[in-house]
>>> print(open('target00.pdb').read())   # PDB, C-alpha atoms, pLDDT in the B column
ATOM      1  CA  MET A 192    -143.654 203.859 -51.159  1.00 34.00           C
ATOM      2  CA  PHE A 193    -141.241 200.903 -51.266  1.00 32.00           C
ATOM      3  CA  ARG A 194    -138.284 203.217 -50.573  1.00 34.00           C
ATOM      4  CA  VAL A 195    -140.024 204.700 -47.522  1.00 32.00           C
ATOM      5  CA  ALA A 196    -140.859 201.224 -46.177  1.00 33.00           C
ATOM      6  CA  LEU A 197    -137.297 200.040 -46.797  1.00 30.00           C
ATOM      7  CA  LEU A 198    -135.853 203.168 -45.165  1.00 31.00           C
ATOM      8  CA  CYS A 199    -138.127 202.680 -42.147  1.00 35.00           C
ATOM      9  CA  ALA A 200    -137.105 199.047 -41.869  1.00 33.00           C
ATOM     10  CA  LEU A 201    -133.435 200.039 -41.915  1.00 30.00           C
ATOM     11  CA  LEU A 202    -133.766 203.006 -39.535  1.00 35.00           C
ATOM     12  CA  ALA A 203    -136.517 201.648 -37.223  1.00 39.00           C
ATOM     13  CA  CYS A 204    -138.962 204.493 -37.931  1.00 41.00           C
ATOM     14  CA  VAL A 205    -141.149 205.580 -35.073  1.00 42.00           C
ATOM     15  CA  SER A 206    -144.395 207.500 -35.079  1.00 54.00           C
ATOM     16  CA  ALA A 207    -144.373 210.844 -33.336  1.00 67.00           C
ATOM     17  CA  TYR A 208    -147.392 212.294 -31.572  1.00 74.00           C
ATOM     18  CA  ASN A 209    -148.411 215.928 -31.339  1.00 84.00           C
ATOM     19  CA  CYS A 210    -146.259 217.563 -28.695  1.00 90.00           C
ATOM     20  CA  THR A 211    -147.927 220.936 -28.438  1.00 93.00           C
ATOM     21  CA  TYR A 212    -150.450 221.937 -25.819  1.00 93.00           C
ATOM     22  CA  GLN A 213    -152.587 224.970 -24.991  1.00 94.00           C
ATOM     23  CA  TRP A 214    -153.634 225.673 -21.432  1.00 90.00           C
ATOM     24  CA  ASN A 215    -154.708 228.737 -19.504  1.00 90.00           C
ATOM     25  CA  GLY A 216    -154.194 230.986 -22.551  1.00 93.00           C
ATOM     26  CA  LEU A 217    -150.611 229.809 -23.184  1.00 94.00           C
ATOM     27  CA  ASN A 218    -148.909 227.587 -25.791  1.00 95.00           C
ATOM     28  CA  TYR A 219    -146.436 224.841 -24.900  1.00 95.00           C
ATOM     29  CA  ASP A 220    -144.161 222.799 -27.179  1.00 95.00           C
ATOM     30  CA  ALA A 221    -142.222 219.802 -25.848  1.00 95.00           C
ATOM     31  CA  SER A 222    -140.964 218.675 -29.272  1.00 94.00           C
ATOM     32  CA  PRO A 223    -137.396 220.006 -28.675  1.00 95.00           C
ATOM     33  CA  LEU A 224    -137.078 217.205 -26.088  1.00 95.00           C
ATOM     34  CA  GLN A 225    -137.708 214.546 -28.740  1.00 93.00           C
ATOM     35  CA  ASP A 226    -134.722 212.506 -29.888  1.00 92.00           C
ATOM     36  CA  SER A 227    -135.309 210.151 -32.803  1.00 91.00           C
ATOM     37  CA  ALA A 228    -131.951 208.416 -32.304  1.00 94.00           C
ATOM     38  CA  VAL A 229    -131.471 207.985 -28.544  1.00 94.00           C
ATOM     39  CA  ASP A 230    -133.743 207.603 -25.522  1.00 96.00           C
ATOM     40  CA  TYR A 231    -133.314 209.271 -22.160  1.00 96.00           C
ATOM     41  CA  HIS A 232    -131.841 206.482 -20.025  1.00 95.00           C
ATOM     42  CA  PHE A 233    -131.539 206.527 -16.258  1.00 94.00           C
ATOM     43  CA  ARG A 234    -131.194 204.036 -13.433  1.00 95.00           C
ATOM     44  CA  VAL A 235    -133.017 203.926 -10.114  1.00 94.00           C
ATOM     45  CA  GLN A 236    -131.381 201.415  -7.771  1.00 93.00           C
ATOM     46  CA  SER A 237    -131.182 198.247  -9.924  1.00 92.00           C
ATOM     47  CA  THR A 238    -133.899 199.232 -12.416  1.00 94.00           C
ATOM     48  CA  ASP A 239    -133.246 200.836 -15.809  1.00 95.00           C
ATOM     49  CA  PHE A 240    -135.699 203.203 -17.473  1.00 96.00           C
ATOM     50  CA  TRP A 241    -135.770 204.373 -21.105  1.00 96.00           C
ATOM     51  CA  MET A 242    -138.030 207.266 -22.019  1.00 96.00           C
ATOM     52  CA  ASN A 243    -138.579 209.524 -25.004  1.00 94.00           C
ATOM     53  CA  VAL A 244    -140.825 212.512 -25.627  1.00 93.00           C
ATOM     54  CA  CYS A 245    -143.214 212.993 -28.553  1.00 91.00           C
ATOM     55  CA  GLN A 246    -142.598 209.464 -29.828  1.00 94.00           C
ATOM     56  CA  PRO A 247    -142.206 205.867 -28.628  1.00 95.00           C
ATOM     57  CA  VAL A 248    -138.858 204.855 -27.167  1.00 96.00           C
ATOM     58  CA  VAL A 249    -136.143 203.945 -29.659  1.00 95.00           C
ATOM     59  CA  THR A 250    -134.949 201.072 -27.443  1.00 92.00           C
ATOM     60  CA  LYS A 251    -137.210 198.174 -28.447  1.00 89.00           C
ATOM     61  CA  VAL A 252    -136.879 196.098 -25.252  1.00 92.00           C
ATOM     62  CA  CYS A 253    -140.549 196.809 -24.416  1.00 94.00           C
ATOM     63  CA  GLY A 254    -142.024 196.975 -27.911  1.00 92.00           C
ATOM     64  CA  SER A 255    -142.479 199.523 -30.665  1.00 93.00           C
ATOM     65  CA  THR A 256    -145.212 201.697 -29.068  1.00 94.00           C
ATOM     66  CA  CYS A 257    -143.782 202.007 -25.567  1.00 96.00           C
ATOM     67  CA  ALA A 258    -143.624 205.500 -24.005  1.00 96.00           C
ATOM     68  CA  CYS A 259    -141.325 204.364 -21.181  1.00 97.00           C
ATOM     69  CA  CYS A 260    -139.624 201.017 -20.675  1.00 97.00           C
ATOM     70  CA  GLN A 261    -138.708 199.651 -17.246  1.00 96.00           C
ATOM     71  CA  GLN A 262    -136.174 196.804 -17.063  1.00 95.00           C
ATOM     72  CA  TRP A 263    -135.302 195.112 -13.801  1.00 94.00           C
ATOM     73  CA  ASN A 264    -133.685 191.931 -15.154  1.00 92.00           C
ATOM     74  CA  PRO A 265    -131.871 192.146 -18.505  1.00 89.00           C
ATOM     75  CA  ASN A 266    -131.164 188.387 -18.397  1.00 89.00           C
ATOM     76  CA  SER A 267    -134.844 187.408 -18.378  1.00 88.00           C
ATOM     77  CA  PRO A 268    -137.279 187.634 -21.302  1.00 85.00           C
ATOM     78  CA  THR A 269    -139.934 188.762 -18.781  1.00 88.00           C
ATOM     79  CA  GLY A 270    -137.714 191.156 -16.796  1.00 93.00           C
ATOM     80  CA  HIS A 271    -139.135 194.305 -18.350  1.00 96.00           C
ATOM     81  CA  ALA A 272    -142.416 196.162 -18.808  1.00 97.00           C
ATOM     82  CA  SER A 273    -143.954 198.970 -20.805  1.00 97.00           C
ATOM     83  CA  LEU A 274    -145.265 201.692 -18.487  1.00 98.00           C
ATOM     84  CA  GLY A 275    -147.594 203.117 -21.130  1.00 97.00           C
ATOM     85  CA  ASN A 276    -148.393 203.222 -24.821  1.00 96.00           C
ATOM     86  CA  ALA A 277    -147.041 206.336 -26.579  1.00 95.00           C
ATOM     87  CA  THR A 278    -150.182 206.585 -28.732  1.00 93.00           C
ATOM     88  CA  THR A 279    -152.264 207.285 -25.594  1.00 95.00           C
ATOM     89  CA  ALA A 280    -150.399 210.516 -24.727  1.00 94.00           C
ATOM     90  CA  SER A 281    -152.809 212.930 -23.072  1.00 94.00           C
ATOM     91  CA  PHE A 282    -151.739 216.469 -22.162  1.00 94.00           C
ATOM     92  CA  GLN A 283    -153.156 217.822 -18.899  1.00 93.00           C
ATOM     93  CA  PRO A 284    -152.749 220.975 -16.781  1.00 93.00           C
ATOM     94  CA  PRO A 285    -149.679 220.796 -14.531  1.00 91.00           C
ATOM     95  CA  SER A 286    -149.822 218.543 -11.479  1.00 88.00           C
ATOM     96  CA  VAL A 287    -146.679 220.306 -10.218  1.00 85.00           C
ATOM     97  CA  PRO A 288    -146.642 223.928 -11.463  1.00 83.00           C
ATOM     98  CA  GLY A 289    -143.262 225.522 -12.109  1.00 85.00           C
ATOM     99  CA  GLN A 290    -142.223 229.155 -12.535  1.00 83.00           C
ATOM    100  CA  ASN A 291    -145.249 231.451 -12.917  1.00 86.00           C
ATOM    101  CA  GLY A 292    -147.530 228.409 -12.498  1.00 88.00           C
ATOM    102  CA  GLN A 293    -146.381 227.076 -15.873  1.00 93.00           C
ATOM    103  CA  GLY A 294    -145.876 223.506 -17.012  1.00 95.00           C
ATOM    104  CA  PHE A 295    -147.954 220.542 -18.096  1.00 95.00           C
ATOM    105  CA  THR A 296    -148.428 216.839 -17.481  1.00 95.00           C
ATOM    106  CA  ILE A 297    -148.476 214.065 -20.077  1.00 95.00           C
ATOM    107  CA  GLN A 298    -150.351 210.913 -19.040  1.00 96.00           C
ATOM    108  CA  PHE A 299    -150.025 207.503 -20.687  1.00 97.00           C
ATOM    109  CA  THR A 300    -152.197 204.406 -20.344  1.00 97.00           C
ATOM    110  CA  GLY A 301    -152.066 200.897 -21.789  1.00 97.00           C
ATOM    111  CA  GLY A 302    -148.807 199.654 -20.314  1.00 97.00           C
ATOM    112  CA  ASP A 303    -148.110 195.985 -19.630  1.00 97.00           C
ATOM    113  CA  LYS A 304    -150.195 194.094 -17.072  1.00 96.00           C
ATOM    114  CA  PRO A 305    -148.206 192.282 -14.391  1.00 94.00           C
ATOM    115  CA  PRO A 306    -148.934 188.526 -14.165  1.00 92.00           C
ATOM    116  CA  GLY A 307    -152.144 187.927 -12.238  1.00 93.00           C
ATOM    117  CA  GLN A 308    -153.194 191.597 -12.360  1.00 93.00           C
ATOM    118  CA  THR A 309    -156.199 193.028 -14.178  1.00 95.00           C
ATOM    119  CA  ASN A 310    -154.987 196.620 -14.446  1.00 95.00           C
ATOM    120  CA  PRO A 311    -152.231 197.687 -16.842  1.00 97.00           C
ATOM    121  CA  ARG A 312    -149.372 199.955 -15.860  1.00 98.00           C
ATOM    122  CA  THR A 313    -149.845 203.705 -16.431  1.00 98.00           C
ATOM    123  CA  MET A 314    -147.519 206.659 -16.091  1.00 97.00           C
ATOM    124  CA  GLU A 315    -147.359 210.419 -16.085  1.00 97.00           C
ATOM    125  CA  ILE A 316    -144.593 212.924 -16.574  1.00 97.00           C
ATOM    126  CA  ASP A 317    -144.903 216.258 -14.796  1.00 97.00           C
ATOM    127  CA  PHE A 318    -143.044 218.797 -16.912  1.00 96.00           C
ATOM    128  CA  ILE A 319    -142.085 221.606 -14.546  1.00 96.00           C
ATOM    129  CA  CYS A 320    -141.210 225.021 -15.985  1.00 95.00           C
ATOM    130  CA  ASP A 321    -137.660 225.984 -15.007  1.00 95.00           C
ATOM    131  CA  GLN A 322    -135.886 228.427 -17.349  1.00 95.00           C
ATOM    132  CA  ASN A 323    -132.538 227.616 -15.680  1.00 96.00           C
ATOM    133  CA  ALA A 324    -132.768 223.829 -16.209  1.00 96.00           C
ATOM    134  CA  GLY A 325    -131.928 223.778 -19.929  1.00 96.00           C
ATOM    135  CA  MET A 326    -133.242 220.577 -21.530  1.00 96.00           C
ATOM    136  CA  GLY A 327    -133.342 218.886 -18.150  1.00 96.00           C
ATOM    137  CA  THR A 328    -133.703 215.163 -17.564  1.00 95.00           C
ATOM    138  CA  PRO A 329    -136.487 212.960 -16.222  1.00 96.00           C
ATOM    139  CA  ASP A 330    -136.457 211.920 -12.565  1.00 96.00           C
ATOM    140  CA  TYR A 331    -138.353 208.985 -11.110  1.00 96.00           C
ATOM    141  CA  ALA A 332    -140.812 210.294  -8.505  1.00 96.00           C
ATOM    142  CA  GLY A 333    -142.343 206.986  -7.398  1.00 96.00           C
ATOM    143  CA  GLU A 334    -145.136 204.521  -7.955  1.00 95.00           C
ATOM    144  CA  GLN A 335    -148.346 205.854  -6.435  1.00 95.00           C
ATOM    145  CA  PRO A 336    -150.895 204.335  -6.560  1.00 94.00           C
ATOM    146  CA  ALA A 337    -149.712 200.819  -7.417  1.00 94.00           C
ATOM    147  CA  LEU A 338    -148.861 200.384 -11.111  1.00 97.00           C
ATOM    148  CA  HIS A 339    -149.003 204.160 -11.742  1.00 97.00           C
ATOM    149  CA  TYR A 340    -145.490 205.491 -12.307  1.00 97.00           C
ATOM    150  CA  ASN A 341    -144.677 209.158 -11.739  1.00 97.00           C
ATOM    151  CA  PHE A 342    -141.810 211.125 -13.223  1.00 97.00           C
ATOM    152  CA  GLN A 343    -140.828 214.777 -12.952  1.00 97.00           C
ATOM    153  CA  TRP A 344    -138.893 216.708 -15.572  1.00 97.00           C
ATOM    154  CA  ARG A 345    -137.659 220.249 -14.924  1.00 97.00           C
ATOM    155  CA  SER A 346    -136.966 221.916 -18.240  1.00 97.00           C
ATOM    156  CA  LYS A 347    -137.067 225.254 -20.007  1.00 97.00           C
ATOM    157  CA  TYR A 348    -139.262 223.450 -22.562  1.00 96.00           C
ATOM    158  CA  ALA A 349    -141.966 223.054 -19.935  1.00 96.00           C
ATOM    159  CA  CYS A 350    -142.363 226.839 -20.003  1.00 96.00           C
ATOM    160  CA  ALA A 351    -144.897 228.531 -22.256  1.00 95.00           C
ATOM    161  CA  ILE A 352    -143.658 229.696 -25.663  1.00 94.00           C
ATOM    162  CA  GLY A 353    -146.282 232.413 -25.980  1.00 90.00           C
ATOM    163  CA  PRO A 354    -149.961 233.230 -25.758  1.00 90.00           C
ATOM    164  CA  ALA A 355    -152.532 230.931 -27.345  1.00 81.00           C
TER
END
>>> encode(input="target00.pdb", output="structure tokens")
Amino acid sequence: MFRVALLCALLACVSAYNCTYQWNGLNYDASPLQDSAVDYHFRVQSTDFWMNVCQPVVTKVCGSTCACCQQWNPNSPTGHASLGNATTASFQPPSVPGQNGQGFTIQFTGGDKPPGQTNPRTMEIDFICDQNAGMGTPDYAGEQPALHYNFQWRSKYACAIGPA
């Protein structure tokens, strides 16, 4: 037990969540998109985002349970926010269906509350089935309604892997 704890302390262990989903008689598995060493990082205007799949982000700017971290001011201790807690991952039918109507959505709740606000940030990732997209990468799709962040991710891993 001590060796596992020490190893986790040295390697910053993260807890993965179940990344398989059944819907409409089909099985989905997003776990190939998981990266235990590096997050998906992208920039929208002057804001950085770090995201991972099937586990919290590796980048600890927003804490150890963050599903997606948004940073708008790296020089300020309050210039970042968690957009959702990875432990709240909830698979849903696709909001934006891809090829053959396939895909799925993962929703996250429990992000940081902005100062003076009562509602925490939430987010969802629409995984859109596209066999030609390879792994794909996340794209920021906007904030609608306020404090609810939307991302789209075209990927072959958003396509069903077989019947349920």
>>> residues_around(input="target00.pdb", residues="Asp321 of chain A", least_positions_apart="6", cutoff="6 Å", atoms="all atoms listed in the file", output="ChimeraX atom specification")
/A:345-347
>>> resolve_selection(input="target00.pdb", expression="the PyMOL selection byres ((chain A and resi 254-264) around 7)", output="list in words")
Ser237, Thr238, Asp239, Phe240, Trp241, Met242, Asn243, Pro247, Val248, Lys251, Val252, Cys253, Pro265, Asn266, Ser267, Gly270, His271, Ala272, Ser273, Leu274, Gly275, Asn276, Ala277 and Thr278 of chain A
>>> atom_distance(input="target00.pdb", atom1="atom CA of Asn323 of chain A", atom2="atom CA of Ala351 of chain A")
14.0 Å
>>> residues_near_point(input="target00.pdb", point="(-159.6, 224.8, -17.3)", cutoff="12 Å", atoms="all atoms listed in the file", output="PyMOL selection string")
chain A and resi 213-217+283-285
>>> axis_aligned_box(input="target00.pdb", around="segment 345-354 of chain A", padding_each_side="3 Å", output="JSON")
{"center_x": -143.5, "center_y": 226.7, "center_z": -20.5, "size_x": 19.0, "size_y": 19.0, "size_z": 17.1}
>>> residues_around(input="target00.pdb", residues="Val244 of chain A", least_positions_apart="3", cutoff="8 Å", atoms="only C-alpha atoms", output="PyMOL selection string")
chain A and resi 221-222+224-226+247+258
